[in-house]
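K.L.:
One file is attached below, entry_6.txt, containing compact mmCIF, C-alpha atoms.
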# COMPACT_ATOMS: atom_id res chain seq x y z
CA MET N 245 73.87 61.43 115.57
CA GLN N 246 70.37 61.38 116.96
CA VAL N 247 68.17 62.92 119.61
CA ASN N 248 64.86 62.03 121.17
CA PRO N 249 62.93 65.31 120.87
CA THR N 250 60.42 64.28 123.55
CA ASN N 251 63.19 64.41 126.17
CA ILE N 252 64.24 68.01 125.45
CA SER N 253 62.94 70.66 127.85
CA PHE N 254 64.15 73.71 125.83
CA LYS N 255 65.46 75.65 128.84
CA ALA N 256 68.88 76.51 127.44
CA GLY N 257 69.80 78.57 124.40
CA LEU N 258 72.68 79.91 122.38
CA THR N 259 74.35 83.15 123.48
CA LYS N 260 72.31 86.28 122.92
CA GLN N 261 74.88 87.62 120.47
CA ILE N 262 74.74 84.48 118.32
CA GLN N 263 70.96 84.30 118.58
CA GLN N 264 70.73 87.85 117.32
CA GLU N 265 73.13 87.15 114.48
CA ILE N 266 71.10 84.13 113.44
CA LYS N 267 67.85 86.07 113.73
CA ASN N 268 69.19 88.79 111.44
CA CYS N 269 70.79 86.49 108.88
CA ASN N 270 69.42 86.33 105.35
CA VAL N 271 68.85 82.73 104.26
CA SER N 272 68.68 83.69 100.58
CA GLN N 273 72.06 85.41 100.78
CA ILE N 274 73.59 82.42 102.57
CA SER N 275 72.07 80.11 99.99
CA SER N 276 73.67 82.21 97.22
CA ILE N 277 77.10 81.87 98.88
CA PHE N 278 76.77 78.10 98.77
CA PHE N 279 75.64 78.16 95.14
CA GLN N 280 78.63 80.37 94.29
CA ASN N 281 80.85 77.66 95.77
CA GLY N 282 79.19 74.96 93.67
CA ILE N 283 77.10 73.58 96.54
CA ASP N 284 73.43 72.88 95.84
CA ASN N 285 71.17 73.66 98.79
CA ASN N 286 67.71 74.18 100.22
CA PHE N 287 67.55 75.42 103.82
CA LYS N 288 63.75 75.77 103.82
CA GLU N 289 64.18 79.16 105.53
CA ASN N 290 65.77 77.50 108.57
CA LYS N 291 68.01 80.36 109.69
CA PHE N 292 69.83 78.32 112.30
CA ILE N 293 70.94 75.57 109.92
CA ALA N 294 71.80 78.08 107.19
CA TRP N 295 73.95 80.14 109.58
CA THR N 296 75.75 77.19 111.19
CA THR N 297 76.54 75.48 107.91
CA LEU N 298 77.91 78.77 106.58
CA LYS N 299 80.28 78.86 109.57
CA CYS N 300 81.40 75.32 108.69
CA LEU N 301 81.98 76.31 105.08
CA GLU N 302 84.03 79.31 106.18
CA LEU N 303 86.09 77.08 108.47
CA VAL N 304 86.93 74.62 105.69
CA GLN N 305 87.81 77.47 103.33
CA PHE N 306 90.06 78.96 106.01
CA LEU N 307 91.87 75.66 106.58
CA ASN N 308 92.43 75.17 102.87
CA ASN N 309 93.64 78.70 102.24
CA LYS N 310 95.67 79.24 105.41
CA TYR N 311 97.35 75.84 105.65
CA ASN N 312 97.34 74.74 102.01
CA LEU N 313 95.01 71.82 102.61
CA LYS N 314 92.69 70.25 100.07
CA PHE N 315 89.66 69.43 102.16
CA GLY N 316 86.62 68.75 99.98
CA PHE N 317 83.22 70.45 100.00
CA PRO N 318 79.71 68.99 99.98
CA LYS N 319 77.86 68.64 96.70
CA GLY N 320 74.69 69.68 98.45
CA ILE N 321 73.18 70.63 101.82
CA PHE N 322 69.47 70.15 102.40
CA VAL N 323 66.98 70.49 105.22
CA GLU N 324 64.50 67.63 105.02
CA ASP N 325 62.11 65.84 107.32
CA PHE N 326 63.78 62.45 107.71
CA LYS N 327 60.34 60.82 107.63
CA ASN N 328 60.59 61.43 103.87
CA LEU N 329 63.91 59.60 103.55
CA THR N 330 64.75 55.90 103.46
CA THR N 331 67.08 56.21 106.46
CA ASN N 332 66.15 53.97 109.37
CA ASN N 333 67.09 56.61 111.92
CA LYS N 334 64.27 59.14 111.66
CA ASN N 335 65.53 61.01 114.75
CA ALA N 336 69.03 61.60 113.40
CA LEU N 337 70.14 65.21 113.49
CA GLY N 338 72.07 64.85 110.25
CA LEU N 339 73.33 62.38 107.69
CA THR N 340 75.78 62.32 104.80
CA ASN N 341 75.15 60.35 101.62
CA PHE N 342 78.31 58.52 100.54
CA ALA N 343 77.18 57.08 97.19
CA PRO N 344 74.61 58.01 94.54
CA THR N 345 71.32 56.47 95.64
CA LYS N 346 67.55 56.86 95.77
CA LEU N 347 67.23 58.39 99.22
CA TYR N 348 63.70 59.82 99.03
CA ILE N 349 60.75 57.53 99.75
CA ASN N 350 58.56 56.91 96.67
CA SER N 351 60.92 58.84 94.41
CA ASN N 352 63.39 57.90 91.69
CA LYS N 353 65.49 60.99 92.35
CA ILE N 354 69.17 60.10 92.65
CA VAL N 355 70.98 61.87 95.48
CA PRO N 356 74.70 62.23 94.69
CA GLU N 357 77.57 61.37 97.01
CA LYS N 358 78.89 63.98 99.45
CA THR N 359 75.38 65.31 100.06
CA ILE N 360 74.47 66.42 103.59
CA PHE N 361 70.96 66.37 105.07
CA PHE N 362 69.86 67.98 108.33
CA ASN N 363 66.60 66.88 109.89
CA GLU N 364 63.77 69.36 109.60
CA PHE N 365 61.94 67.77 112.55
CA GLU N 366 58.74 69.02 110.96
CA ASP N 367 56.73 68.35 114.13
CA TYR N 368 58.85 71.00 115.86
CA ASN N 369 58.40 73.76 113.27
CA TYR N 370 56.91 76.57 115.33
CA SER N 371 55.70 79.82 113.75
CA LYS N 372 58.87 81.66 114.83
CA GLY N 373 61.33 78.93 113.99
CA ASN N 374 62.32 75.40 114.81
CA LYS N 375 62.72 75.25 118.59
CA LEU N 376 64.68 72.00 118.54
CA TRP N 377 67.50 73.38 116.41
CA GLU N 378 67.49 76.71 118.24
CA ASN N 379 68.28 74.78 121.43
CA ILE N 380 70.98 72.57 119.96
CA ASP N 381 73.40 73.56 122.72
CA LEU N 382 71.17 71.87 125.29
CA ILE N 383 71.02 68.77 123.11
CA ALA N 384 74.81 68.93 122.72
CA ASP N 385 75.17 69.10 126.52
CA LYS N 386 73.00 66.01 126.97
CA ASN N 387 74.83 64.07 124.27
CA PHE N 388 78.22 64.98 125.75
CA GLU N 389 77.14 64.02 129.26
CA THR N 390 76.35 60.51 128.01
CA ASN N 391 79.55 60.32 125.89
CA ILE N 392 77.61 60.11 122.62
CA THR N 393 79.53 63.08 121.23
CA THR N 394 83.08 64.32 121.66
CA THR N 395 82.23 67.82 122.93
CA ASP N 396 79.28 69.87 124.14
CA PHE N 397 79.83 72.51 121.45
CA TYR N 398 76.73 73.35 119.41
CA LEU N 399 78.60 73.23 116.08
CA GLU N 400 79.66 69.60 116.50
CA THR N 401 76.63 68.16 114.69
CA PHE N 402 77.35 70.32 111.65
CA LEU N 403 81.12 69.86 111.64
CA HIS N 404 80.58 66.11 111.98
CA GLU N 405 78.73 65.95 108.66
CA PHE N 406 81.22 68.24 106.93
CA PHE N 407 84.04 65.95 108.07
CA HIS N 408 82.22 62.95 106.59
CA VAL N 409 82.36 64.80 103.26
CA ILE N 410 86.02 65.73 103.77
CA HIS N 411 86.87 62.13 104.59
CA GLU N 412 85.06 60.82 101.52
CA ASN N 413 86.78 63.40 99.34
CA ASN N 414 90.13 62.14 100.60
CA LEU N 415 89.09 58.55 99.89
CA MET N 416 88.02 59.54 96.36
CA ASN N 417 91.49 60.99 95.79
CA ARG N 418 93.11 57.78 97.05
CA LEU N 419 90.93 55.01 95.63
CA ASN N 420 89.52 54.02 92.28
CA PRO N 421 85.75 54.80 92.22
CA ASN N 422 84.77 51.13 91.93
CA ILE N 423 87.14 50.18 94.73
CA LEU N 424 85.75 52.99 96.88
CA ILE N 425 82.17 51.79 96.43
CA SER N 426 83.09 48.19 97.25
CA THR N 427 85.15 49.38 100.24
CA LEU N 428 82.23 51.39 101.62
CA GLN N 429 79.94 48.38 101.22
CA GLU N 430 82.47 46.17 102.97
CA ILE N 431 83.05 48.38 106.01
CA LEU N 432 79.31 48.87 106.55
CA ASN N 433 78.63 45.14 106.34
CA PRO N 434 77.37 43.70 109.68
CA ASP N 435 80.07 41.01 109.69
CA TYR N 436 82.83 43.62 109.35
CA LEU N 437 81.21 45.91 111.91
CA LYS N 438 81.07 43.12 114.48
CA ILE N 439 84.82 42.51 114.10
CA PHE N 440 85.54 46.24 114.01
CA GLN N 441 83.68 46.91 117.25
CA GLN N 442 85.27 43.98 119.04
CA LYS N 443 88.71 45.19 117.97
CA TYR N 444 88.36 48.94 118.45
CA ARG N 445 85.45 49.68 120.79
CA GLN N 446 87.62 50.22 123.86
CA ASP N 447 89.98 52.63 122.07
CA PHE N 448 87.36 54.60 120.19
CA ASN N 449 84.98 54.92 123.14
CA LYS N 450 87.67 57.24 124.52
CA ILE N 451 86.79 59.58 121.66
CA CYS N 452 83.05 59.04 122.18
CA LYS N 453 80.57 56.17 121.93
CA TYR N 454 79.53 57.16 118.44
CA ALA N 455 83.12 56.85 117.22
CA SER N 456 82.97 53.09 117.69
CA THR N 457 79.95 52.70 115.37
CA ASN N 458 82.01 52.27 112.19
CA PRO N 459 85.27 53.67 110.70
CA LEU N 460 83.48 56.55 108.97
CA GLU N 461 82.03 57.73 112.27
CA THR N 462 85.42 57.25 113.92
CA ILE N 463 87.04 59.77 111.61
CA ALA N 464 84.15 62.28 111.73
CA CYS N 465 84.06 62.18 115.54
CA ASP N 466 87.81 62.44 115.99
CA LEU N 467 88.22 65.26 113.47
CA SER N 468 85.33 67.14 115.09
CA LYS N 469 86.96 66.80 118.49
CA ARG N 470 90.36 68.02 117.28
CA THR N 471 88.81 70.93 115.42
CA ILE N 472 86.57 72.14 118.23
CA GLU N 473 89.41 71.90 120.75
CA ASN N 474 91.40 74.27 118.55
CA LEU N 475 88.66 76.75 117.65
CA ASN N 476 88.53 80.30 118.86
CA LYS N 477 84.96 80.26 120.11
CA SER N 478 84.44 83.88 119.07
CA THR N 479 85.76 83.73 115.51
CA LEU N 480 84.93 80.02 115.04
CA LEU N 481 88.31 79.66 113.32
CA PRO N 482 91.48 77.85 114.49
CA GLU N 483 94.52 79.81 115.62
CA LYS N 484 97.09 77.20 114.62
CA ASN N 485 97.56 74.38 112.12
CA TYR N 486 96.34 71.51 114.28
CA ILE N 487 96.17 69.24 111.20
CA SER N 488 99.94 69.24 110.63
CA LYS N 489 100.61 67.01 113.64
CA SER N 490 97.54 64.81 113.38
CA PRO N 491 96.59 61.60 111.54
CA TYR N 492 95.08 63.86 108.87
CA LYS N 493 98.27 65.59 107.77
CA LYS N 494 99.04 65.51 104.08
CA THR N 495 100.91 62.36 103.08
CA SER N 496 101.63 60.64 99.80
CA LEU N 497 100.99 56.94 99.36
CA PHE N 498 104.78 56.53 99.13
CA SER N 499 105.35 58.21 102.49
CA LEU N 500 102.39 56.66 104.29
CA LEU N 501 104.23 53.61 105.63
CA PRO N 502 107.08 55.57 107.28
CA VAL N 503 104.49 57.87 108.86
CA LEU N 504 102.58 54.94 110.31
CA ASN N 505 105.73 53.46 111.79
CA LYS N 506 106.31 56.60 113.87
CA GLU N 507 102.78 57.02 115.25
CA PRO N 508 101.10 55.57 118.35
CA ASN N 509 98.69 52.70 117.71
CA ILE N 510 95.44 54.68 117.76
CA SER N 511 96.96 57.35 115.49
CA LYS N 512 98.13 54.63 113.10
CA THR N 513 94.59 53.31 112.93
CA LEU N 514 93.12 56.77 112.34
CA THR N 515 95.69 57.45 109.61
CA LYS N 516 94.81 54.17 107.90
CA PHE N 517 91.08 54.83 108.08
CA TRP N 518 91.59 58.37 106.79
CA ASN N 519 93.45 57.02 103.78
CA GLY N 520 91.18 54.08 103.00
CA VAL N 521 92.87 51.16 104.75
CA PHE N 522 90.24 49.43 106.88
CA ASP N 523 91.88 46.16 107.96
Could I get this file's structure written as structure tokens?

P.N.:
Amino acid sequence: MQVNPTNISFKAGLTKQIQQEIKNCNVSQISSIFFQNGIDNNFKENKFIAWTTLKCLELVQFLNNKYNLKFGFPKGIFVEDFKNLTTNNKNALGLTNFAPTKLYINSNKIVPEKTIFFNEFEDYNYSKGNKLWENIDLIADKNFETNITTTDFYLETFLHEFFHVIHENNLMNRLNPNILISTLQEILNPDYLKIFQQKYRQDFNKICKYASTNPLETIACDLSKRTIENLNKSTLLPEKNYISKSPYKKTSLFSLLPVLNKEPNISKTLTKFWNGVFD
């Protein structure tokens, strides 16, 4: 997802209670929690990103523990100015790396799969914090108004990237590593994407415009929407198992076909994408 920072007027903000909680949070302590969970990180003292990603981590842990799910975790979470990365979209809010690659410009450092980056937007680093991220709810409102995102909730950007990781983790459990790499290359190929968008654009635009970009974005957008719709906005945790009756419910390869036969067309497609079938 992306934003044009020059179009943001910074009039809106998060609730005072949340702002205060973020202001008082300790980035080093949050960083330690991620390290304790095997997640490498560098938040560059960005309290907002540290706090929001912690809430996403807590949500995934809750889902796994409460509903016996096996959603995966990121290998790393980093704040980085996207001008330093090879990504073409320098105004993206976040990105997830799906395969080991050299992602830094003029560096041989290999970034592993399931690594999340959030844009530092270095030009917007004010002395008291990054004003762009502190006004993410205004950005979320603008993106929702134009149907770029599924909701206007400020956590969507962060949940979106976590769900990319969760989706990839599920694919890694389903597919041989070599098959997974070739599958990812295939579904991001321009020829495939042209067919994909012709076939699914109308259906997936109902989720949001970004969902029709490619199958990986489809899943991240749809899972974000379902999650946010079921969140208690105070606790930031769900009050019921919304996964159990969704395309993301636990299924074995043996039981996948009967499940697909019972689902509506769009749910069948989401179930297939979730499990690595991208025909």

K.L.:
When you draw a straight line from atom CA of N:Ile321 to atom CA of N:Gln273, how long is it in Å?

P.N.:
14.9 Å

K.L.:
Could you name the residues that touch stretch 395-399 of chain N at 7 Å or less, counting all atoms listed in the file, but leaving out those on the same chain fewer than 5 positions away, as a ChimeraX atom specification?

P.N.:
/N:296,380-381,384-385,388,469

K.L.:
Just the selected residues (C-alpha atoms), exported as a compact mmCIF listing (two decimals), in the frame of the given file, please.

P.N.:
# COMPACT_ATOMS: atom_id res chain seq x y z
CA THR N 296 75.75 77.19 111.19
CA ILE N 380 70.98 72.57 119.96
CA ASP N 381 73.40 73.56 122.72
CA ALA N 384 74.81 68.93 122.72
CA ASP N 385 75.17 69.10 126.52
CA PHE N 388 78.22 64.98 125.75
CA LYS N 469 86.96 66.80 118.49

K.L.:
Near N:Leu337, counting all atoms listed in the file, which residues have an atom at most 12 Å away, once you skip same-chain residues fewer than 4 positions from it, shown as a ChimeraX atom specification?

P.N.:
/N:245-249,293,323-326,331,333,360-365,376-377,380,383-384,387,399-402,404-405

K.L.:
Restricting the calculation to all atoms listed in the file: of N:Val409, N:Leu403, N:Leu432, N:Ile425, which residue gets closest to N:Thr345?

P.N.:
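Closest residue, counting all atoms listed in the file: N:Ile425.
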
K.L.:
Could you list, as a list in words, every residue within 10 Å of N:Asn458, counting all atoms listed in the file and ignoring same-chain residues fewer than 3 positions away?

P.N.:
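Residues meeting the cut-off are Ile431, Leu432, Asn433, Tyr436, Leu437, Lys438, Phe440, Gln441, Tyr444, Arg445, Phe448, Tyr454, Ala455, Glu461, Thr462 and Ile463 of chain N.
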
K.L.:
Would you compute the distance between atom CA of N:Asn286 and atom CA of N:Gly338? Give it in Å to one decimal.

P.N.:
14.4 Å

K.L.:
What's the 8 Å shell around stretch 266-270 of chain N, counting all atoms listed in the file, without same-chain residues fewer than 2 positions away, as a PyMOL selection string?

P.N.:
chain N and resi 262-264+272-274+291-292+295

K.L.:
What does the structure give for the distance between atom CA of N:Ile472 and atom CA of N:Ser490, in Å to one decimal?

P.N.:
14.1 Å

K.L.:
Taking into account all atoms listed in the file, which residue in the set N:Ile439, N:Leu347, N:Leu339, N:Val355 is nearest to N:Leu460?

P.N.:
N:Leu339
